[in-house]
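Trainee: Here it is, the structure in full.
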Amino acid sequence: MTVPKPSPPRGWYADPAGAHAWRWWDGERWTDDLHAFSTDRSAPLTESLAAERRAARRLVPTGLVLVAVAVVLGSVLRAFDVTWLSATWHWFGHAVTVLKQGGSASSLPPAPVRNQAISVLATFVVLPLEVVAVVMVLSFQYRAALAAKALGLPQRLNPVFGVISWFIPLASFILPWVAWSDLLPRSHPVRRQVLVAWVVVVGIRVLSLAAFGAATVSSTLVGVCSAAQIVGVGIILRLLPAIVTAVVDVHRIGAGEPISPEHRATPGT
């Protein structure tokens, strides 16, 4: 007796009817959800996909390890830096009050001085790790956006602007998520993971600011903020590899390239 082959997982596959498009396979049948793709010959798709894969290999796992080390080390340093955090918070509040009352910056008292050892570690170890990790994330995002654009996926943001959006006040809480979502076709299930990961990223950023205010209350609250950040990074470490893999695989499917064995069979055959 012939054992039937298991159906490939649900996802976007080259349309079995021959259309130059992706069609959604829900795990049991083909749906009517069809998304056309095209290639931009001014930037060869094969080069875009190769650059995307190189950026993905740099990001996972190297970039993720750097993020984890930077956050954990930063959290440890923060635990020994509560006094400076509290003093800085009070100094900043005093500075705002003085400036609102028409005072000048020269009338402010000196800013609190950070412990030299902690300052050196934060400046020459934690910060460089964070910068390198962010560069890896943005490099993959940019390369993947170029590939998605060449494949005809709708892009609400220009690839360059998608990178710049990380540094725009307020907009940086929304637009990077838009840029990452658009790396995948509409209705793709991994888009939900992108949203979850982005909510966690925003939470980690907010906790960094909250730690300053928490230092004025107790060192325990600072520890709680730091612990929550570490948990958040753990969630990112779990989600991001799957997101990056999904983006790379979907783009290769759209270009007609062979990928992992579970995607090689045509669903329904």
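In the structure tokens, each chain is lettered A, B, ... as it comes, each chain's residues begin at 1, and ligands are numbered from 1 in order of appearance.
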Hey, what's within 10 Å of segment 164-181 of chain A if we count only C-alpha atoms and toss same-chain stuff fewer than 5 positions away? As a list of chain:residue names, please?
Mentor: A:Val134, A:Leu138, A:Gln141, A:Tyr142, A:Ala144, A:Ala145, A:Gln155, A:Arg156, A:Leu157, A:Asn158, A:Pro159, A:Arg186, A:His188, A:Val190, A:Arg191, A:Arg192, A:Gln193, A:Val194, A:Leu195, A:Val196, A:Ala197, A:Trp198, A:Val199, A:Val201, A:Val202, A:Arg205, A:Ile243, A:Val244, A:Val247
Trainee: Give me, as an NGL selection string, all polymer residues having an atom no more than 12 Å from segment 91-101 of chain A, counting only C-alpha atoms and skipping those fewer than 6 positions away in the same chain.
Mentor: :A and (84-85 or 107-113 or 212-213 or 216)
Trainee: With C-alpha atoms kept, could you save the residues just selected as a short mmCIF file (atom, residue, chain, number, x, y, z; two decimals), in the first residue's frame?
Mentor:
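Output (part-v5.cif):
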```cif
data_model
loop_
_atom_site.label_atom_id
_atom_site.label_comp_id
_atom_site.auth_asym_id
_atom_site.auth_seq_id
_atom_site.Cartn_x
_atom_site.Cartn_y
_atom_site.Cartn_z
CA TRP A 84 23.25 57.99 38.94
CA LEU A 85 19.96 57.21 37.20
CA SER A 107 22.42 78.66 35.58
CA LEU A 108 21.97 74.91 35.90
CA PRO A 109 24.04 72.90 38.35
CA PRO A 110 26.55 70.39 36.92
CA ALA A 111 24.99 67.19 35.62
CA PRO A 112 25.53 64.09 37.78
CA VAL A 113 28.76 62.26 37.05
CA PHE A 212 15.19 56.23 34.86
CA GLY A 213 11.94 57.10 36.58
CA THR A 216 13.74 57.54 41.87
#
```
Trainee: Any idea what's packed within 10 Å of Leu207 of chain A, counting only C-alpha atoms, ignoring anything in its chain fewer than 4 positions away? Could you give it as number ranges by chain?
Mentor: A: 201-203, 211-214, 222, 224-229
Trainee: Taking only residues of segment 123-201 of chain A that have an atom at most 12 Å from an atom of segment 77-81 of chain A, what is each one's shortest atom pair and its distance in Å to one decimal, using only C-alpha atoms, in chain and number order, as a tab-separated table?
Mentor:
```
residue	atom	partner	partner_atom	distance
A:Thr123	CA	A:Leu77	CA	11.5
A:Val125	CA	A:Leu77	CA	11.3
A:Val126	CA	A:Leu77	CA	9.6
```
Trainee: Quick one: pull the distance between atom CA of Leu129 of chain A and atom CA of Ala56 of chain A, Å, one decimal.
Mentor: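 Between these atoms lies a distance of 17.8 Å.
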Trainee: Extract the full set of strand (DSSP E) residues from segment 29-245 of chain A according to DSSP on the backbone, and format it as a VMD selection string.
Mentor: chain A and resid 30 to 36
Trainee: Any chance you can output those residues with N, CA and C atoms as a PDB file, in the first residue's frame?
Mentor:
```pdb
ATOM      1  N   TRP A  30      -6.039  24.974  -2.393  1.00  0.00           N
ATOM      2  CA  TRP A  30      -5.688  26.293  -2.919  1.00  0.00           C
ATOM      3  C   TRP A  30      -6.830  27.265  -2.653  1.00  0.00           C
ATOM      4  N   THR A  31      -6.494  28.496  -2.302  1.00  0.00           N
ATOM      5  CA  THR A  31      -7.522  29.528  -2.105  1.00  0.00           C
ATOM      6  C   THR A  31      -7.536  30.451  -3.319  1.00  0.00           C
ATOM      7  N   ASP A  32      -8.440  31.422  -3.281  1.00  0.00           N
ATOM      8  CA  ASP A  32      -8.507  32.405  -4.366  1.00  0.00           C
ATOM      9  C   ASP A  32      -7.569  33.575  -4.135  1.00  0.00           C
ATOM     10  N   ASP A  33      -6.790  33.515  -3.049  1.00  0.00           N
ATOM     11  CA  ASP A  33      -5.894  34.619  -2.715  1.00  0.00           C
ATOM     12  C   ASP A  33      -4.656  34.544  -3.602  1.00  0.00           C
ATOM     13  N   LEU A  34      -4.638  35.366  -4.634  1.00  0.00           N
ATOM     14  CA  LEU A  34      -3.578  35.354  -5.634  1.00  0.00           C
ATOM     15  C   LEU A  34      -2.845  36.689  -5.596  1.00  0.00           C
ATOM     16  N   HIS A  35      -1.508  36.629  -5.640  1.00  0.00           N
ATOM     17  CA  HIS A  35      -0.738  37.870  -5.632  1.00  0.00           C
ATOM     18  C   HIS A  35       0.319  37.809  -6.724  1.00  0.00           C
ATOM     19  N   ALA A  36       0.181  38.693  -7.710  1.00  0.00           N
ATOM     20  CA  ALA A  36       1.115  38.707  -8.833  1.00  0.00           C
ATOM     21  C   ALA A  36       2.473  39.234  -8.394  1.00  0.00           C
TER      22      ALA A  36
END
```
